[in-house]
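Asks: This is coords27.cif, which holds mmCIF, C-alpha atoms:
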```
data_upload
loop_
_atom_site.label_atom_id
_atom_site.label_comp_id
_atom_site.auth_asym_id
_atom_site.auth_seq_id
_atom_site.Cartn_x
_atom_site.Cartn_y
_atom_site.Cartn_z
CA LYS A 84 -11.94 15.78 14.84
CA LEU A 85 -12.08 14.90 11.16
CA GLN A 86 -8.65 14.42 9.66
CA GLU A 87 -7.75 15.53 6.12
CA TRP A 88 -7.69 11.90 5.02
CA GLY A 89 -10.94 11.11 6.83
CA MET A 90 -14.52 10.89 5.60
CA PRO A 91 -17.76 11.34 7.58
CA LEU A 92 -19.79 8.13 7.36
CA ILE A 93 -22.72 8.96 9.65
CA ASP A 94 -24.40 12.21 10.68
CA PRO A 95 -25.74 11.71 14.24
CA ASP A 96 -27.96 14.83 13.89
CA GLY A 97 -29.37 14.57 17.42
CA SER A 98 -29.68 10.78 17.28
CA ALA A 99 -27.93 8.03 19.23
CA GLY A 100 -25.36 7.61 16.46
CA VAL A 101 -23.82 4.32 17.54
CA GLY A 102 -23.90 3.57 21.26
CA GLY A 103 -25.44 6.82 22.53
CA LEU A 104 -26.87 6.22 26.02
CA SER A 105 -30.26 6.82 27.59
CA LEU A 106 -31.85 6.47 31.03
CA TRP A 107 -35.48 5.47 31.61
CA ASN A 108 -37.54 7.34 34.18
CA GLY A 109 -40.53 5.02 34.27
CA LYS A 110 -41.71 4.86 30.66
CA MET A 111 -40.02 8.13 29.74
CA ARG A 112 -36.66 7.81 28.01
CA ILE A 113 -34.06 10.48 28.82
CA PRO A 114 -31.30 10.64 26.17
CA LEU A 115 -27.87 11.63 27.47
CA LEU A 116 -27.70 14.30 24.77
CA ASN A 117 -28.30 18.02 24.74
CA LEU A 118 -31.22 18.39 22.34
CA PRO A 119 -33.22 21.54 21.43
CA GLY A 120 -36.01 22.19 23.92
CA GLN A 121 -34.49 19.92 26.54
CA GLU A 122 -33.04 21.10 29.84
CA PRO A 123 -29.24 20.99 29.40
CA ILE A 124 -27.30 18.03 30.80
CA ARG A 125 -23.85 18.78 32.19
CA MET A 126 -21.10 16.69 30.62
CA GLN A 127 -17.51 16.67 31.81
CA GLN A 128 -15.07 14.82 29.55
CA THR A 129 -11.59 13.70 30.53
CA VAL A 130 -9.09 11.88 28.32
CA LEU A 131 -7.47 9.28 30.59
CA ALA A 132 -5.26 7.61 28.00
CA ARG A 133 -4.14 8.79 24.57
CA GLY A 134 -1.85 6.15 23.11
CA PRO A 135 -1.03 4.71 19.71
CA LEU A 136 -3.00 1.53 20.44
CA ARG A 137 -5.69 2.54 22.94
CA SER A 138 -7.58 5.66 23.98
CA LEU A 139 -9.73 5.90 27.11
CA VAL A 140 -12.23 8.68 27.78
CA ARG A 141 -14.29 9.32 30.92
CA VAL A 142 -17.57 11.23 30.63
CA GLU A 143 -19.49 12.37 33.72
CA TYR A 144 -23.17 13.29 33.20
CA SER A 145 -25.05 15.31 35.82
CA GLY A 146 -28.14 17.50 36.11
CA ILE A 147 -30.43 14.91 34.53
CA ARG A 148 -33.93 15.75 35.76
CA GLY A 149 -36.39 12.95 36.43
CA ALA A 150 -39.66 12.49 38.31
CA ASN A 151 -37.83 11.07 41.33
CA GLY A 152 -35.01 13.62 41.50
CA ASP A 153 -31.77 14.24 39.68
CA TYR A 154 -29.85 11.46 37.98
CA GLY A 155 -26.32 11.10 36.71
CA ALA A 156 -24.06 8.64 34.96
CA VAL A 157 -20.38 7.92 34.44
CA LEU A 158 -19.14 6.45 31.16
CA LEU A 159 -15.74 4.97 30.30
CA LEU A 160 -15.21 4.58 26.56
CA SER A 161 -12.28 2.53 25.25
CA ALA A 162 -11.20 2.59 21.60
CA TYR A 163 -8.46 0.50 20.03
CA ALA A 164 -6.44 1.00 16.85
CA ASP A 165 -7.31 -1.27 13.91
CA ASN A 166 -10.28 -2.70 15.83
CA PRO A 167 -13.94 -2.18 14.89
CA VAL A 168 -15.02 -2.83 18.51
CA SER A 169 -15.13 -0.18 21.26
CA ARG A 170 -16.10 -0.89 24.87
CA LEU A 171 -18.58 1.08 26.98
CA ASP A 172 -18.56 0.73 30.78
CA PHE A 173 -21.19 2.90 32.44
CA VAL A 174 -22.73 3.37 35.88
CA THR A 175 -25.99 5.18 36.64
CA ILE A 176 -26.36 7.46 39.66
CA SER A 177 -29.49 8.24 41.69
CA LYS A 178 -29.75 9.70 45.20
CA THR A 179 -32.95 7.76 45.80
CA GLY A 180 -31.50 4.40 44.67
CA GLY A 181 -33.86 1.82 43.23
CA PRO A 182 -34.06 0.58 39.64
CA LEU A 183 -32.69 2.87 36.95
CA PRO A 184 -32.87 1.24 33.49
CA CYS A 185 -30.37 2.42 30.90
CA GLY A 186 -28.90 1.31 27.61
CA PRO A 187 -27.40 2.10 24.20
CA GLY A 188 -29.07 3.09 20.97
CA ILE A 189 -28.12 2.99 17.30
CA ARG A 190 -29.29 5.21 14.47
CA LYS A 191 -31.58 3.82 11.80
CA LEU A 192 -30.04 3.72 8.32
CA ALA A 193 -31.58 4.17 4.89
CA ASP A 194 -32.21 0.92 2.98
CA GLU A 195 -31.21 -0.96 6.11
CA THR A 196 -30.98 -4.64 6.92
CA PHE A 197 -31.85 -5.03 10.60
CA SER A 198 -30.64 -7.89 12.79
CA PHE A 199 -31.52 -8.41 16.43
CA ASP A 200 -31.36 -11.26 18.94
CA PRO A 201 -31.89 -10.40 22.63
CA LYS A 202 -30.97 -13.93 23.70
CA LYS A 203 -27.58 -13.61 22.01
CA GLY A 204 -27.17 -9.99 23.09
CA TYR A 205 -26.83 -7.94 19.92
CA ILE A 206 -28.53 -5.41 17.66
CA ALA A 207 -27.15 -4.59 14.20
CA GLU A 208 -27.99 -2.50 11.13
CA TRP A 209 -26.44 -2.32 7.69
CA GLY A 210 -27.45 0.42 5.28
CA ARG A 211 -26.53 3.66 3.53
CA GLY A 212 -24.36 6.18 5.37
CA MET A 213 -23.89 9.83 4.50
CA GLU A 214 -23.89 10.94 0.87
CA GLY A 215 -20.83 9.58 -0.90
CA ALA A 216 -19.93 7.22 1.94
CA GLY A 217 -21.64 4.12 0.59
CA GLU A 218 -22.87 1.39 2.92
CA ILE A 219 -21.98 1.18 6.61
CA GLY A 220 -22.72 -1.06 9.57
CA LEU A 221 -23.64 -0.12 13.15
CA ALA A 222 -24.11 -2.52 16.05
CA ALA A 223 -24.19 -2.87 19.82
CA VAL A 224 -23.56 -5.92 22.00
CA PHE A 225 -25.11 -6.16 25.48
CA ASN A 226 -25.59 -8.64 28.32
CA PRO A 227 -28.68 -10.75 27.50
CA SER A 228 -29.43 -11.26 31.22
CA GLU A 229 -29.98 -7.49 31.57
CA TYR A 230 -32.25 -7.10 28.52
CA ALA A 231 -35.62 -5.46 29.31
CA GLY A 232 -36.93 -4.32 25.94
CA LEU A 233 -36.38 -2.68 22.56
CA SER A 234 -37.99 0.58 21.52
CA ALA A 235 -37.93 2.38 18.20
CA GLU A 236 -38.34 6.04 17.33
CA SER A 237 -38.12 7.97 14.07
CA THR A 238 -34.32 8.03 14.00
CA ASP A 239 -33.17 5.37 16.49
CA ARG A 240 -33.60 2.00 18.09
CA TRP A 241 -32.90 1.71 21.83
CA VAL A 242 -31.98 -1.30 23.97
CA GLU A 243 -33.22 -1.02 27.56
CA LEU A 244 -31.17 -2.79 30.24
CA THR A 245 -32.35 -3.45 33.78
CA GLY A 246 -30.46 -2.81 36.97
CA PRO A 247 -30.39 -0.67 40.09
CA ALA A 248 -28.67 2.68 40.22
CA GLY A 249 -24.96 2.14 40.82
CA LYS A 250 -24.77 -1.08 38.82
CA LYS A 251 -22.01 -1.22 36.21
CA HIS A 252 -23.11 -2.18 32.72
CA THR A 253 -20.74 -3.19 29.94
CA CYS A 254 -21.62 -2.95 26.26
CA TRP A 255 -19.62 -2.95 23.05
CA ILE A 256 -20.21 -0.97 19.88
CA LEU A 257 -19.13 -2.17 16.44
CA THR A 258 -18.87 -0.35 13.13
CA GLY A 259 -18.22 -1.46 9.58
CA TRP A 260 -17.80 0.16 6.18
CA GLU A 261 -17.97 -1.41 2.74
CA LYS A 262 -14.75 0.41 1.78
CA GLY A 263 -12.77 -0.20 4.95
CA LEU A 264 -12.14 -2.24 8.08
CA GLY A 265 -15.07 -4.43 8.91
CA ALA A 266 -16.41 -4.88 5.36
CA PRO A 267 -18.54 -8.02 5.60
CA GLY A 268 -18.67 -8.96 1.88
CA ASN A 269 -21.81 -9.75 -0.08
CA PRO A 270 -24.62 -10.10 0.82
CA ALA A 271 -23.44 -7.32 3.11
CA GLY A 272 -26.60 -6.87 5.17
CA LEU A 273 -26.92 -10.53 6.14
CA ASN A 274 -23.19 -10.99 6.59
CA TRP A 275 -22.96 -7.97 8.89
CA GLY A 276 -25.58 -9.49 11.18
CA ARG A 277 -23.70 -12.79 11.21
CA LYS A 278 -20.42 -11.02 11.92
CA VAL A 279 -21.91 -9.14 14.86
CA GLU A 280 -23.49 -12.33 16.19
CA ALA A 281 -20.11 -14.07 16.11
CA ALA A 282 -18.46 -11.10 17.83
CA ALA A 283 -21.14 -11.10 20.53
CA ALA A 284 -20.54 -14.78 21.20
CA ARG A 285 -16.86 -14.02 21.86
CA LEU A 286 -17.31 -10.77 23.78
CA LEU A 287 -19.92 -12.13 26.18
CA VAL A 288 -17.84 -15.09 27.36
CA PRO A 289 -15.64 -14.16 30.35
CA VAL A 290 -11.93 -14.87 29.94
CA GLU A 291 -10.70 -17.52 32.36
CA VAL A 292 -7.09 -17.67 33.51
CA HIS A 293 -5.61 -20.88 34.91
CA TYR A 294 -2.17 -21.29 36.44
CA ALA A 295 -0.54 -24.67 36.16
CA SER A 296 2.03 -25.62 38.76
CA LYS A 297 5.05 -27.65 37.72
#
```
Translate the structure described by the file into structure tokens.
Replies:
Amino acid sequence: KLQEWGMPLIDPDGSAGVGGLSLWNGKMRIPLLNLPGQEPIRMQQTVLARGPLRSLVRVEYSGIRGANGDYGAVLLLSAYADNPVSRLDFVTISKTGGPLPCGPGIRKLADETFSFDPKKGYIAEWGRGMEGAGEIGLAAVFNPSEYAGLSAESTDRWVELTGPAGKKHTCWILTGWEKGLGAPGNPAGLNWGRKVEAAAARLLVPVEVHYASK
């Protein structure tokens, strides 16, 4: 919901926006969106936490038709105040089991600078947002060990991740704006890619906790 002090920076317009998910049924990609001409996907959204520092939303997808039956997915989206990073935890569902690739996408931007490194687990774009918004940055961070490929369409780029149905995947989405939090400074396009690369290096390292006895 756009607030009076807010400003729209990106118009998803049927695209992945930043972090929109897809499933792959063989070579066919199934976006978890309700698009014209596509059989509707059922989406049930529940707000699990609505706090001043963190919000947590659960989205259940069902009725996704594929060649091997119906699929589903469950997404947990975490967002934090004053933080350009949001976390996506998602699980795919299939009655037949077996491999069910999935992954996030990001919208292509006008006059974009594109950065991508599958071995370091990130994809990033810096370019023009909506009219009057100026330049913005979009990015996704993923587990390099799950990477299976990158595909591009007219409006989006999609990262495909491997794994059987029921496997939990964790990704992070990052956003930046030249006039706000996350502004990378000039040269903005190159600096945004470097900033996302540095964030990926931190996000992909598990936190270790050690207890020292006296």
Asks: Given the choices A:Pro247, A:Gly212, A:Pro95, A:Gly220, which gets closest to Arg277 in chain A if the distance is worked out from all atoms listed in the file?
Replies: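 That would be A:Gly220, the residue with the smallest distance to Arg277 in chain A.
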Asks: Evaluate the PyMOL selection byres ((chain A and resi 236) around 12) on the structure here and hand back the selected residues as a list in words.
Replies: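 On this input, the PyMOL selection byres ((chain A and resi 236) around 12) captures Ser98, Ala99, Arg112, Gly188, Ile189, Arg190, Lys191, Leu233, Ser234, Ala235, Ser237, Thr238, Asp239, Arg240, Trp241 and Val242 of chain A.
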Asks: Using all atoms listed in the file, determine which residues lie at most 8 Å from range 135-148 of chain A, disregarding the query and same-chain residues fewer than 2 positions distant; provide the list as number ranges by chain.
Replies: A: 115, 123-133, 150, 152-164
Asks: Applied to the shown file, which residues does the PyMOL selection byres ((chain A and resi 200-211) around 6) return, written as a compact mmCIF listing (two decimals) with C-alpha atoms, in the coordinates of the input?
Replies:
```
# COMPACT_ATOMS: atom_id res chain seq x y z
CA LEU A 192 -30.04 3.72 8.32
CA ALA A 193 -31.58 4.17 4.89
CA ASP A 194 -32.21 0.92 2.98
CA GLU A 195 -31.21 -0.96 6.11
CA THR A 196 -30.98 -4.64 6.92
CA PHE A 197 -31.85 -5.03 10.60
CA SER A 198 -30.64 -7.89 12.79
CA PHE A 199 -31.52 -8.41 16.43
CA GLY A 212 -24.36 6.18 5.37
CA GLY A 217 -21.64 4.12 0.59
CA GLU A 218 -22.87 1.39 2.92
CA ILE A 219 -21.98 1.18 6.61
CA GLY A 220 -22.72 -1.06 9.57
CA LEU A 221 -23.64 -0.12 13.15
CA ALA A 222 -24.11 -2.52 16.05
CA ALA A 223 -24.19 -2.87 19.82
CA VAL A 224 -23.56 -5.92 22.00
CA PHE A 225 -25.11 -6.16 25.48
CA ASN A 226 -25.59 -8.64 28.32
CA PRO A 227 -28.68 -10.75 27.50
CA GLY A 272 -26.60 -6.87 5.17
CA GLY A 276 -25.58 -9.49 11.18
```
Asks: Evaluate the PyMOL selection byres ((chain A and resi 285) around 12) against this structure - the residues, as a count of residues only, please.
Replies: 19
Asks: For CA of Pro167 in chain A and CA of Ile256 in chain A, determine how far apart the two atoms are, in Å to one decimal place.
Replies: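 Interatomic distance here is 8.1 Å.
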Asks: Could you check which of A:His293, A:Glu243, A:Gly263, A:Ala248 is closest to Gly180 in chain A, using only C-alpha atoms?
Replies: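 Smallest separation from Gly180 in chain A among the options: A:Ala248.
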Asks: What is the CA of Lys250 in chain A to CA of Asp96 in chain A distance in Å?
Replies: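 Value for the CA of Lys250 in chain A-CA of Asp96 in chain A distance: 29.7 Å.
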Asks: Take CA of Ala266 in chain A and CA of Asn166 in chain A and report the distance between them in Å, one decimal.
Replies: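 According to the coordinates, CA of Ala266 in chain A and CA of Asn166 in chain A are separated by 12.3 Å.
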Asks: Could you work out an axis-aligned box for range 235-252 of chain A, taking every atom the file lists and adding 3 Å on each side, and report centre and edge lengths in Å to one decimal, as lines of an AutoDock Vina configuration file?
Replies:
```
center_x = -30.2
center_y = 2.3
center_z = 27.4
size_x = 22.3
size_y = 17.5
size_z = 32.8
```
Asks: Which neighbours of Leu183 in chain A fall inside 8 Å, counting only C-alpha atoms, when residues of the same chain fewer than 3 positions from it are skipped, and could you give them as a ChimeraX atom specification?
Replies: /A:106-108,175,177,180,245-248
Asks: Go ahead and save the residues from that selection, with C-alpha atoms, as a PDB file, in the coordinates of the input.
Replies:
```pdb
ATOM      1  CA  LEU A 106     -31.850   6.470  31.030  1.00  0.00           C
ATOM      2  CA  TRP A 107     -35.480   5.470  31.610  1.00  0.00           C
ATOM      3  CA  ASN A 108     -37.540   7.340  34.180  1.00  0.00           C
ATOM      4  CA  THR A 175     -25.990   5.180  36.640  1.00  0.00           C
ATOM      5  CA  SER A 177     -29.490   8.240  41.690  1.00  0.00           C
ATOM      6  CA  GLY A 180     -31.500   4.400  44.670  1.00  0.00           C
ATOM      7  CA  THR A 245     -32.350  -3.450  33.780  1.00  0.00           C
ATOM      8  CA  GLY A 246     -30.460  -2.810  36.970  1.00  0.00           C
ATOM      9  CA  PRO A 247     -30.390  -0.670  40.090  1.00  0.00           C
ATOM     10  CA  ALA A 248     -28.670   2.680  40.220  1.00  0.00           C
TER      11      ALA A 248
END
```
